[in-house]
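Report on the structure given below.
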Amino acid sequence: MLLLIPGPVQTRPETRAAMAQDIAPWDNDFRPVYAGIRERVRAIAGGREGEHATLALQGCGHFTMEAALRTFIPAGGKVLIPQNGAYADRAVRLASEAGRQVVALAGPDTRPVAPEEIAAALAADPAISHVAMIHNETGSGIVNDPEAIGPVVRAAGRRLILDSVSGFGALPFCLADHPECDAVIFTSGKCLEGLPGIGFAVARIESLLAAAGNAGSWAFDLADVYQHALRAGWGSFRFTPPVQALAAFAVALDLYAAEGGQPARLARYRETMRVLYEGVRGLGLSPYLEWRHQGPVIVTIHQPADPAFALQPFVDALKRRGVLISNFWNTRTPTFRIGCIGAITPDDMRRAVAAIGEALDELGVKERVPAL
């Protein structure tokens with residue numbers, strides 16, 4: 001089966017094989033494995049030893065995003081969230097339910113937020129302390145660029161929380177170049193091609209120390225995660241971790257380095273995305289995004305107007321052909337989405353494009369313009 005969703009992603013056999021063991025997470029033999037993971041992901045994030053720390057939480061990216069919002073923004077504090085996609089909508093809810101004041105900067109889910117929009121919103125409200133931004137909007141496929149937004153945040157004297165859950169490891173970002181950034185967050189099961197189950201934040205130590213007592217939650221307090229790591233002396237988890245997933249993630253990081261790291265992974269994903277984008281257009285389908293706004297992680301495609309098309313039967317027809325995609329959409333008009341990340345190649349995607357054409361033919365879908 002070819003798994004083409006934006007996470008959990010298709011993984012290499014070597015990565016999956018590392019799960020097949022029983023491990024005591026606090027055993028002395030496993031400590032260097034976890035220590036190595038922390039150091040390697042800090043390096044991928046462009047963090048510096050003594051200036052940035054890698055913090056891990058059990059669970060999905062939403063858990064780590066809530067932890068970052070709670071940790072770095074005090075209760076009642078105000079955060080600006082560019083709201084141009086489904087995962088930004090979720091960030092708004094996470095912050096609101098954590099008791100933070102949200103200024104939502106509404107925008108279409110078909111283009112990135114512009115620096116001048118951020119600048120204007122910050123100038124209009126001096127009480128905003130942070131911008132929380134989705135790096136790769138997994139709902140539609142757009143990329144909000146921290147290289148454009150970060151300097152604006154820094155110039156305004158504010159702080160940035162970057163949710164790079166579905167982009168970290170492929171999209172370029174260097175914490176050392178972004179002193180305005182308190183944390184970049186990500187997970188094990190996306191562009192680093194590990195198994196799901198672990199959320200990470202690489203955070204500025206100075207900001208963590210200043211954030212003590214903000215969270216209002218023991219489980220979601222990154223400042224407490226950091227203090228526990230100092231007390232333990234080797235960065236131990238506070239609570240039982242998904243240790244088999246950690247073992248697999250260590251192997252995934254080995255494979256990442258062997259491939260050539262971030263530049264090589266981005267190049268593969270971009271080519272896989274190009275094959276898909278051009279392929280579906282060749283089938284008469286319409287991508288949701290203009291090419292100039294299309295990111296490398298996921299291609300979202302308008303559902304055809306033909307009444308013969310229905311999403312679940314289409315997903316089922318693809319599955320019979322060995323291709324598994326999501327059976328839901330997150331965009332503001334009906335679409336279907338196909339992930340371009342994971343241990344897949346451009347040739348795999350060519351096979352998937354052929355399967356899409358066969359599935360549409362099986363369903364009798366002839367009218368393939370968007371159902372707007």
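Labeling convention for the structure tokens: chains A, B, ... as they appear, residues from 1 per chain, ligands from 1 in order of appearance.
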Checklist entry - Can you list, as a VMD selection string, every protein, DNA or RNA residue that comes within 10 Å of range 233-247 of chain A when you count only C-alpha atoms, leaving out same-chain residues fewer than 2 positions away? => result chain A and resid 15 to 26 30 to 35 37 to 38 53 to 59 188 to 189 194 to 198 219 224 to 231 249 to 252
Next on the checklist: Neighbouring residues of Val165 in chain A were defined as those with any atom within 8 Å, considering only C-alpha atoms; residues of the same chain fewer than 3 positions away were excluded. Please report them as a VMD selection string.
Outcome noted: chain A and resid 61 135 to 136 168 185 to 187 190
Next on the checklist: I need the residue nearest Ala343 in chain A from this list: A:Ala155, A:Arg265, A:Ala215, A:Asp306. Use only C-alpha atoms for the distance.
Outcome noted: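 Ranked by minimum distance to Ala343 in chain A, first place goes to A:Arg265.
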Item to check | DSSP strand (DSSP E) residues within range 273-319 of chain A, as an NGL selection string | outcome: :A and (298-302)
Write the residues of the preceding selection, restricted to N, CA, C and O atoms, as a short mmCIF file (atom, residue, chain, number, x, y, z; two decimals), in the first residue's frame.
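Saved result, result_32.cif, follows:
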```cif
data_model
loop_
_atom_site.label_atom_id
_atom_site.label_comp_id
_atom_site.auth_asym_id
_atom_site.auth_seq_id
_atom_site.Cartn_x
_atom_site.Cartn_y
_atom_site.Cartn_z
N ILE A 298 1.90 18.84 0.58
CA ILE A 298 0.60 18.26 0.23
C ILE A 298 0.01 19.04 -0.93
O ILE A 298 0.15 20.27 -1.01
N VAL A 299 -0.61 18.32 -1.85
CA VAL A 299 -1.35 18.94 -2.94
C VAL A 299 -2.84 18.69 -2.69
O VAL A 299 -3.27 17.55 -2.51
N THR A 300 -3.59 19.79 -2.67
CA THR A 300 -5.02 19.71 -2.47
C THR A 300 -5.70 19.98 -3.81
O THR A 300 -5.29 20.89 -4.55
N ILE A 301 -6.72 19.19 -4.13
CA ILE A 301 -7.31 19.20 -5.46
C ILE A 301 -8.82 19.39 -5.34
O ILE A 301 -9.47 18.74 -4.51
N HIS A 302 -9.37 20.30 -6.15
CA HIS A 302 -10.81 20.51 -6.14
C HIS A 302 -11.54 19.21 -6.49
O HIS A 302 -11.15 18.50 -7.43
#
```
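Near range 170-174 of chain A, within a cut-off of 9 Å and counting only C-alpha atoms, sit the residues Ala43, Ile44, Ala45, Gly46, Gly47, His135, Asn136, Val143, Pro146, Glu147, Ser164, Ser166, Gly167, Asp177, His178, Cys191, Leu192, Gly261, Gln262, Pro263, Ala264, Arg265, Leu266, Ala267, Tyr269, Pro296 and Val297 of chain A, with same-chain residues fewer than 3 positions away left out.
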Store the residues of this selection in a file with C-alpha atoms, as a PDB file, in the first residue's frame.
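Everything below was put into again.pdb:
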```pdb
ATOM      1  CA  ALA A  43      20.962  20.780  14.976  1.00  0.00           C
ATOM      2  CA  ILE A  44      18.277  20.327  12.296  1.00  0.00           C
ATOM      3  CA  ALA A  45      16.422  23.284  13.833  1.00  0.00           C
ATOM      4  CA  GLY A  46      19.575  25.403  13.677  1.00  0.00           C
ATOM      5  CA  GLY A  47      19.700  25.700  17.441  1.00  0.00           C
ATOM      6  CA  HIS A 135       4.619  27.142   8.895  1.00  0.00           C
ATOM      7  CA  ASN A 136       3.049  24.647   6.498  1.00  0.00           C
ATOM      8  CA  VAL A 143       3.624  27.820   3.263  1.00  0.00           C
ATOM      9  CA  PRO A 146       9.159  32.705   8.600  1.00  0.00           C
ATOM     10  CA  GLU A 147      11.955  34.343   6.600  1.00  0.00           C
ATOM     11  CA  SER A 164       6.260  23.538  11.801  1.00  0.00           C
ATOM     12  CA  SER A 166       4.160  19.182   8.908  1.00  0.00           C
ATOM     13  CA  GLY A 167       7.157  21.056   7.496  1.00  0.00           C
ATOM     14  CA  ASP A 177      18.944  33.262  12.558  1.00  0.00           C
ATOM     15  CA  HIS A 178      15.678  34.017  14.369  1.00  0.00           C
ATOM     16  CA  CYS A 191       8.946  15.068   7.200  1.00  0.00           C
ATOM     17  CA  LEU A 192      11.533  13.295   9.363  1.00  0.00           C
ATOM     18  CA  GLY A 261      19.461  16.160   5.327  1.00  0.00           C
ATOM     19  CA  GLN A 262      17.081  19.045   4.762  1.00  0.00           C
ATOM     20  CA  PRO A 263      18.168  20.138   1.248  1.00  0.00           C
ATOM     21  CA  ALA A 264      17.958  16.617  -0.164  1.00  0.00           C
ATOM     22  CA  ARG A 265      14.659  15.837   1.503  1.00  0.00           C
ATOM     23  CA  LEU A 266      13.123  19.077   0.280  1.00  0.00           C
ATOM     24  CA  ALA A 267      14.349  18.383  -3.257  1.00  0.00           C
ATOM     25  CA  TYR A 269       9.463  16.218  -1.886  1.00  0.00           C
ATOM     26  CA  PRO A 296       6.008  20.683  -1.185  1.00  0.00           C
ATOM     27  CA  VAL A 297       4.131  18.788   1.537  1.00  0.00           C
TER      28      VAL A 297
END
```
Item to check | Length of the CA of Thr272 in chain A to CA of Thr345 in chain A vector [Å] | outcome: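 Interatomic distance, CA of Thr272 in chain A to CA of Thr345 in chain A: 6.2 Å.
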